[in-house]
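The structure file input22.cif is reproduced below (mmCIF, C-alpha atoms).
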```
data_model
loop_
_atom_site.group_PDB
_atom_site.id
_atom_site.type_symbol
_atom_site.label_atom_id
_atom_site.label_comp_id
_atom_site.auth_asym_id
_atom_site.auth_seq_id
_atom_site.Cartn_x
_atom_site.Cartn_y
_atom_site.Cartn_z
ATOM 1 C CA MET A 15 0.582 43.580 -13.794
ATOM 2 C CA VAL A 16 -2.029 43.561 -11.063
ATOM 3 C CA ASN A 17 -0.958 42.156 -7.707
ATOM 4 C CA ALA A 18 -3.927 40.219 -6.452
ATOM 5 C CA VAL A 19 -4.452 39.759 -2.747
ATOM 6 C CA LEU A 20 -3.676 36.295 -1.377
ATOM 7 C CA PHE A 21 -7.181 35.844 -0.002
ATOM 8 C CA PRO A 22 -8.087 35.283 2.837
ATOM 9 C CA SER A 23 -5.086 37.443 3.717
ATOM 10 C CA ARG A 24 -4.999 41.149 2.890
ATOM 11 C CA TRP A 25 -1.411 40.886 1.609
ATOM 12 C CA THR A 26 -0.470 40.763 -2.049
ATOM 13 C CA LEU A 27 2.118 38.231 -3.161
ATOM 14 C CA PRO A 28 5.004 40.754 -3.348
ATOM 15 C CA GLU A 29 4.064 42.131 0.097
ATOM 16 C CA ALA A 30 3.825 38.637 1.553
ATOM 17 C CA ARG A 31 7.220 37.590 0.170
ATOM 18 C CA SER A 32 8.871 40.742 1.462
ATOM 19 C CA LEU A 33 7.199 40.641 4.872
ATOM 20 C CA ALA A 34 7.863 36.923 5.358
ATOM 21 C CA ALA A 35 11.577 37.533 4.809
ATOM 22 C CA GLN A 36 11.553 40.387 7.328
ATOM 23 C CA LEU A 37 9.417 38.587 9.907
ATOM 24 C CA ARG A 38 11.848 35.684 10.292
ATOM 25 C CA HIS A 39 13.647 37.905 12.777
ATOM 26 C CA THR A 40 10.382 38.579 14.639
ATOM 27 C CA ALA A 41 9.095 35.016 15.055
ATOM 28 C CA THR A 42 9.036 33.930 18.680
ATOM 29 C CA THR A 43 7.193 30.611 18.541
ATOM 30 C CA ALA A 44 7.849 27.400 16.653
ATOM 31 C CA ALA A 45 4.518 27.765 14.799
ATOM 32 C CA GLU A 46 5.419 31.285 13.631
ATOM 33 C CA TYR A 47 8.857 30.239 12.478
ATOM 34 C CA ASP A 48 7.551 27.066 10.808
ATOM 35 C CA GLY A 49 4.852 29.121 9.055
ATOM 36 C CA LEU A 50 7.407 31.568 7.696
ATOM 37 C CA GLU A 51 9.660 28.730 6.562
ATOM 38 C CA LEU A 52 6.711 26.941 4.957
ATOM 39 C CA PHE A 53 5.724 30.105 3.110
ATOM 40 C CA GLY A 54 9.284 30.401 1.806
ATOM 41 C CA ALA A 55 9.369 26.738 0.760
ATOM 42 C CA LEU A 56 6.036 26.922 -1.076
ATOM 43 C CA THR A 57 6.977 30.131 -2.898
ATOM 44 C CA GLU A 58 10.337 28.615 -3.892
ATOM 45 C CA TYR A 59 8.468 25.534 -5.140
ATOM 46 C CA LEU A 60 6.232 27.785 -7.231
ATOM 47 C CA ASP A 61 9.347 29.657 -8.432
ATOM 48 C CA ASP A 62 10.564 26.318 -9.803
ATOM 49 C CA LEU A 63 7.220 25.582 -11.473
ATOM 50 C CA TYR A 64 7.241 29.071 -13.016
ATOM 51 C CA GLY A 65 10.728 28.471 -14.437
ATOM 52 C CA GLY A 66 13.037 30.027 -11.857
ATOM 53 C CA ALA A 67 12.607 32.943 -9.500
ATOM 54 C CA GLY A 68 9.418 33.939 -11.289
ATOM 55 C CA PHE A 69 6.539 33.426 -8.869
ATOM 56 C CA ASP A 70 5.637 37.080 -8.540
ATOM 57 C CA ARG A 71 1.932 36.809 -9.329
ATOM 58 C CA LEU A 72 -0.941 34.370 -9.513
ATOM 59 C CA LEU A 73 -1.433 33.462 -13.141
ATOM 60 C CA PRO A 74 -4.622 34.573 -14.866
ATOM 61 C CA GLU A 75 -6.535 32.318 -17.228
ATOM 62 C CA PRO A 76 -5.471 30.867 -19.712
ATOM 63 C CA GLU A 77 -1.899 30.799 -18.357
ATOM 64 C CA ARG A 78 -3.062 29.109 -15.163
ATOM 65 C CA THR A 79 -4.853 26.409 -17.153
ATOM 66 C CA ALA A 80 -1.745 25.855 -19.298
ATOM 67 C CA LEU A 81 0.499 25.473 -16.218
ATOM 68 C CA ALA A 82 -2.038 23.152 -14.589
ATOM 69 C CA GLY A 83 -2.080 21.047 -17.746
ATOM 70 C CA ARG A 84 1.713 20.736 -17.729
ATOM 71 C CA ILE A 85 1.713 19.756 -14.042
ATOM 72 C CA GLN A 86 -1.002 17.171 -14.545
ATOM 73 C CA ALA A 87 0.744 15.786 -17.644
ATOM 74 C CA VAL A 88 4.011 15.323 -15.719
ATOM 75 C CA ARG A 89 2.172 13.720 -12.781
ATOM 76 C CA GLY A 90 0.238 11.429 -15.075
ATOM 77 C CA ARG A 91 -3.476 11.529 -15.639
ATOM 78 C CA SER A 92 -4.019 8.812 -13.058
ATOM 79 C CA GLY A 93 -2.137 10.819 -10.410
ATOM 80 C CA PRO A 94 -3.034 10.566 -6.750
ATOM 81 C CA ALA A 95 -6.662 11.044 -5.844
ATOM 82 C CA PRO A 96 -7.537 14.356 -4.194
ATOM 83 C CA VAL A 97 -7.846 14.427 -0.435
ATOM 84 C CA GLU A 98 -11.124 15.534 1.135
ATOM 85 C CA LEU A 99 -10.698 18.935 2.815
ATOM 86 C CA ASP A 100 -12.697 20.613 5.574
ATOM 87 C CA GLU A 101 -13.882 24.247 5.409
ATOM 88 C CA HIS A 102 -10.411 25.461 6.496
ATOM 89 C CA GLY A 103 -8.566 23.595 3.747
ATOM 90 C CA VAL A 104 -7.304 20.904 6.108
ATOM 91 C CA PRO A 105 -7.634 17.229 5.142
ATOM 92 C CA VAL A 106 -10.396 15.521 7.074
ATOM 93 C CA ASP A 107 -9.337 13.210 9.859
ATOM 94 C CA LEU A 108 -7.342 10.444 8.246
ATOM 95 C CA SER A 109 -6.962 8.398 11.440
ATOM 96 C CA ALA A 110 -10.004 6.256 10.619
ATOM 97 C CA THR A 111 -8.338 5.132 7.401
ATOM 98 C CA GLU A 112 -4.747 4.499 6.517
ATOM 99 C CA ALA A 113 -3.109 7.896 6.097
ATOM 100 C CA ASP A 114 -1.876 8.778 2.635
ATOM 101 C CA PRO A 115 1.935 8.604 2.862
ATOM 102 C CA ARG A 116 2.347 11.378 0.276
ATOM 103 C CA LEU A 117 0.881 13.819 2.783
ATOM 104 C CA ASP A 118 3.817 13.044 5.057
ATOM 105 C CA GLN A 119 6.244 14.252 2.406
ATOM 106 C CA PRO A 120 8.268 17.129 3.877
ATOM 107 C CA VAL A 121 7.782 20.548 2.309
ATOM 108 C CA ASN A 122 10.761 21.751 4.327
ATOM 109 C CA ALA A 123 12.761 20.398 7.244
ATOM 110 C CA ALA A 124 9.999 20.926 9.798
ATOM 111 C CA VAL A 125 6.637 20.700 8.022
ATOM 112 C CA THR A 126 4.999 18.047 5.850
ATOM 113 C CA LEU A 127 2.221 18.705 3.322
ATOM 114 C CA LEU A 128 -0.438 17.696 5.838
ATOM 115 C CA GLU A 129 1.112 19.584 8.743
ATOM 116 C CA GLY A 130 1.428 22.648 6.516
ATOM 117 C CA ARG A 131 -2.291 22.708 5.802
ATOM 118 C CA ARG A 132 -3.034 22.372 9.515
ATOM 119 C CA LEU A 133 -0.478 25.063 10.404
ATOM 120 C CA ALA A 134 -1.988 27.438 7.838
ATOM 121 C CA ALA A 135 -5.451 26.985 9.360
ATOM 122 C CA GLU A 136 -4.088 27.445 12.883
ATOM 123 C CA LEU A 137 -2.186 30.623 12.025
ATOM 124 C CA ALA A 138 -5.151 32.045 10.091
ATOM 125 C CA THR A 139 -7.172 32.173 13.318
ATOM 126 C CA ALA A 140 -4.558 34.370 15.008
ATOM 127 C CA GLY A 141 -4.512 38.125 14.905
ATOM 128 C CA ASP A 142 -1.838 40.486 13.589
ATOM 129 C CA TRP A 143 0.772 39.276 11.112
ATOM 130 C CA GLN A 144 0.367 35.632 12.138
ATOM 131 C CA GLY A 145 -3.216 35.619 10.841
ATOM 132 C CA GLU A 146 -2.141 37.268 7.593
ATOM 133 C CA LEU A 147 0.617 34.679 7.180
ATOM 134 C CA GLY A 148 -1.888 31.866 7.793
ATOM 135 C CA GLY A 149 -4.206 33.376 5.184
ATOM 136 C CA CYS A 150 -1.345 33.597 2.685
ATOM 137 C CA LEU A 151 -0.470 29.960 3.304
ATOM 138 C CA GLN A 152 -4.088 28.951 2.781
ATOM 139 C CA ALA A 153 -4.081 30.916 -0.489
ATOM 140 C CA LEU A 154 -0.922 29.138 -1.661
ATOM 141 C CA TYR A 155 -2.399 25.718 -0.862
ATOM 142 C CA THR A 156 -5.604 26.660 -2.716
ATOM 143 C CA TYR A 157 -3.582 27.871 -5.714
ATOM 144 C CA LEU A 158 -1.483 24.695 -5.745
ATOM 145 C CA ASP A 159 -4.676 22.623 -5.463
ATOM 146 C CA GLN A 160 -5.979 24.425 -8.571
ATOM 147 C CA LEU A 161 -2.743 23.759 -10.447
ATOM 148 C CA TYR A 162 -2.838 20.088 -9.427
ATOM 149 C CA GLY A 163 -6.448 19.538 -10.502
ATOM 150 C CA GLY A 164 -8.876 20.749 -7.829
ATOM 151 C CA PRO A 165 -9.561 20.950 -4.105
ATOM 152 C CA GLY A 166 -7.262 18.653 -2.146
ATOM 153 C CA ALA A 167 -5.249 17.636 -5.235
ATOM 154 C CA PHE A 168 -1.924 19.078 -4.007
ATOM 155 C CA THR A 169 -0.824 15.912 -2.233
ATOM 156 C CA GLU A 170 2.751 15.554 -3.459
ATOM 157 C CA LEU A 171 5.742 17.606 -4.498
ATOM 158 C CA LEU A 172 7.138 17.075 -7.946
ATOM 159 C CA THR A 173 10.769 16.001 -8.173
ATOM 160 C CA PRO A 174 13.316 18.596 -9.342
ATOM 161 C CA GLU A 175 13.362 16.885 -12.754
ATOM 162 C CA GLU A 176 9.576 17.021 -13.006
ATOM 163 C CA ARG A 177 9.597 20.691 -11.984
ATOM 164 C CA ALA A 178 12.076 21.421 -14.762
ATOM 165 C CA GLN A 179 9.791 19.615 -17.243
ATOM 166 C CA VAL A 180 6.814 21.690 -16.102
ATOM 167 C CA ALA A 181 8.773 24.930 -16.301
ATOM 168 C CA ALA A 182 10.068 24.088 -19.777
ATOM 169 C CA GLY A 183 6.635 23.070 -21.009
ATOM 170 C CA ALA A 184 7.896 19.582 -21.754
ATOM 171 C CA PRO A 185 5.336 16.951 -22.728
ATOM 172 C CA SER A 186 4.582 14.170 -20.301
ATOM 173 C CA ARG A 187 6.870 11.189 -20.076
#
```

So, in terms of structure tokens, how does the structure I just supplied come out?
Amino acid sequence: MVNAVLFPSRWTLPEARSLAAQLRHTATTAAEYDGLELFGALTEYLDDLYGGAGFDRLLPEPERTALAGRIQAVRGRSGPAPVELDEHGVPVDLSATEADPRLDQPVNAAVTLLEGRRLAAELATAGDWQGELGGCLQALYTYLDQLYGGPGAFTELLTPEERAQVAAGAPSR
């Protein structure tokens, strides 16, 4: 198994998971701590989609396409419309229109889907481990976008029941 780098970070997925667990004791700011917690929440979410504690690599084709198909089948073909993203993977300013309430869904106790994208972009501009963490978060959002149907498509978390359906390869409801 090849461990691909979580681009734009230089860390591979196993390195990122290990370092994120270790860095929780190093975080000194709310953004650092929230970023580490968000990384943990997104990897646990992907663990669920992979069928347990199995998110140890980014799936190659055709496995990625198969997982994306199961996710999209559980969500329904008419699932939420993708959100327009800027060059940093952050949704464009939604203040001019009514904000999509799904983006306010919490990923963990401190960060929503929208805030997570913004936090990833903010951390990615930092140096040292904070920049690597931001790059890893951006990579996870990009990967989840791919699994959900394209850029900006990761706008909601599946319920635990839906995650179990995806992991089991169950047909859509």

Would you translate the PyMOL selection byres ((chain A and resi 32-37) around 9) into the concrete set of residues it matches in this file, as a PyMOL selection string?
chain A and resi 27-31+38-41+47+50-51+53-54+143+147

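Among the candidates A:Leu63, A:Asp48, A:Leu151, A:Ala134, the residue lying nearest to Ala82 of chain A is A:Leu63 (atoms considered: all atoms listed in the file).
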
What is the atom CA of Gly49 of chain A to atom CA of Ala140 of chain A distance in Å?
12.3 Å

Near Arg89 of chain A, within 12 Å and counting only C-alpha atoms, which residues show up once chain neighbours fewer than 6 positions away are dropped, as an MDAnalysis selection string?
chainID A and resid 82:83 95 161:163 167:173 175:177 179:180 185:187

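Across the model, the gap from atom CA of Glu75 of chain A to atom CA of Gly145 of chain A is 28.5 Å.
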
Under the rule that all atoms listed in the file are counted, which of A:Leu60, A:Leu52, A:Arg24, A:Leu137 is the nearest residue to Ala178 of chain A?
A:Leu60

Mind telling me what the PyMOL selection byres ((chain A and resi 121) around 10) catches here, as a VMD selection string?
chain A and resid 51 to 56 59 117 to 120 122 to 130 170 to 171

Can you tell me, as a PyMOL selection string, what residues are no more than 6 Å from Val104 of chain A when counting only C-alpha atoms, ignoring any on the same chain fewer than 4 positions away?
chain A and resi 99-100+131-132

Given the PyMOL selection byres ((chain A and resi 64) around 12), the residues it picks as a short mmCIF file (atom, residue, chain, number, x, y, z; two decimals) with C-alpha atoms, in the coordinates of the input:
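Just written: result_14.cif:
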```cif
data_model
loop_
_atom_site.label_atom_id
_atom_site.label_comp_id
_atom_site.auth_asym_id
_atom_site.auth_seq_id
_atom_site.Cartn_x
_atom_site.Cartn_y
_atom_site.Cartn_z
CA THR A 57 6.98 30.13 -2.90
CA GLU A 58 10.34 28.62 -3.89
CA TYR A 59 8.47 25.53 -5.14
CA LEU A 60 6.23 27.78 -7.23
CA ASP A 61 9.35 29.66 -8.43
CA ASP A 62 10.56 26.32 -9.80
CA LEU A 63 7.22 25.58 -11.47
CA GLY A 65 10.73 28.47 -14.44
CA GLY A 66 13.04 30.03 -11.86
CA ALA A 67 12.61 32.94 -9.50
CA GLY A 68 9.42 33.94 -11.29
CA PHE A 69 6.54 33.43 -8.87
CA ASP A 70 5.64 37.08 -8.54
CA ARG A 71 1.93 36.81 -9.33
CA LEU A 72 -0.94 34.37 -9.51
CA LEU A 73 -1.43 33.46 -13.14
CA GLU A 77 -1.90 30.80 -18.36
CA ARG A 78 -3.06 29.11 -15.16
CA ALA A 80 -1.74 25.86 -19.30
CA LEU A 81 0.50 25.47 -16.22
CA ALA A 82 -2.04 23.15 -14.59
CA ARG A 84 1.71 20.74 -17.73
CA ILE A 85 1.71 19.76 -14.04
CA LEU A 161 -2.74 23.76 -10.45
CA ARG A 177 9.60 20.69 -11.98
CA ALA A 178 12.08 21.42 -14.76
CA GLN A 179 9.79 19.61 -17.24
CA VAL A 180 6.81 21.69 -16.10
CA ALA A 181 8.77 24.93 -16.30
CA ALA A 182 10.07 24.09 -19.78
CA GLY A 183 6.64 23.07 -21.01
#
```
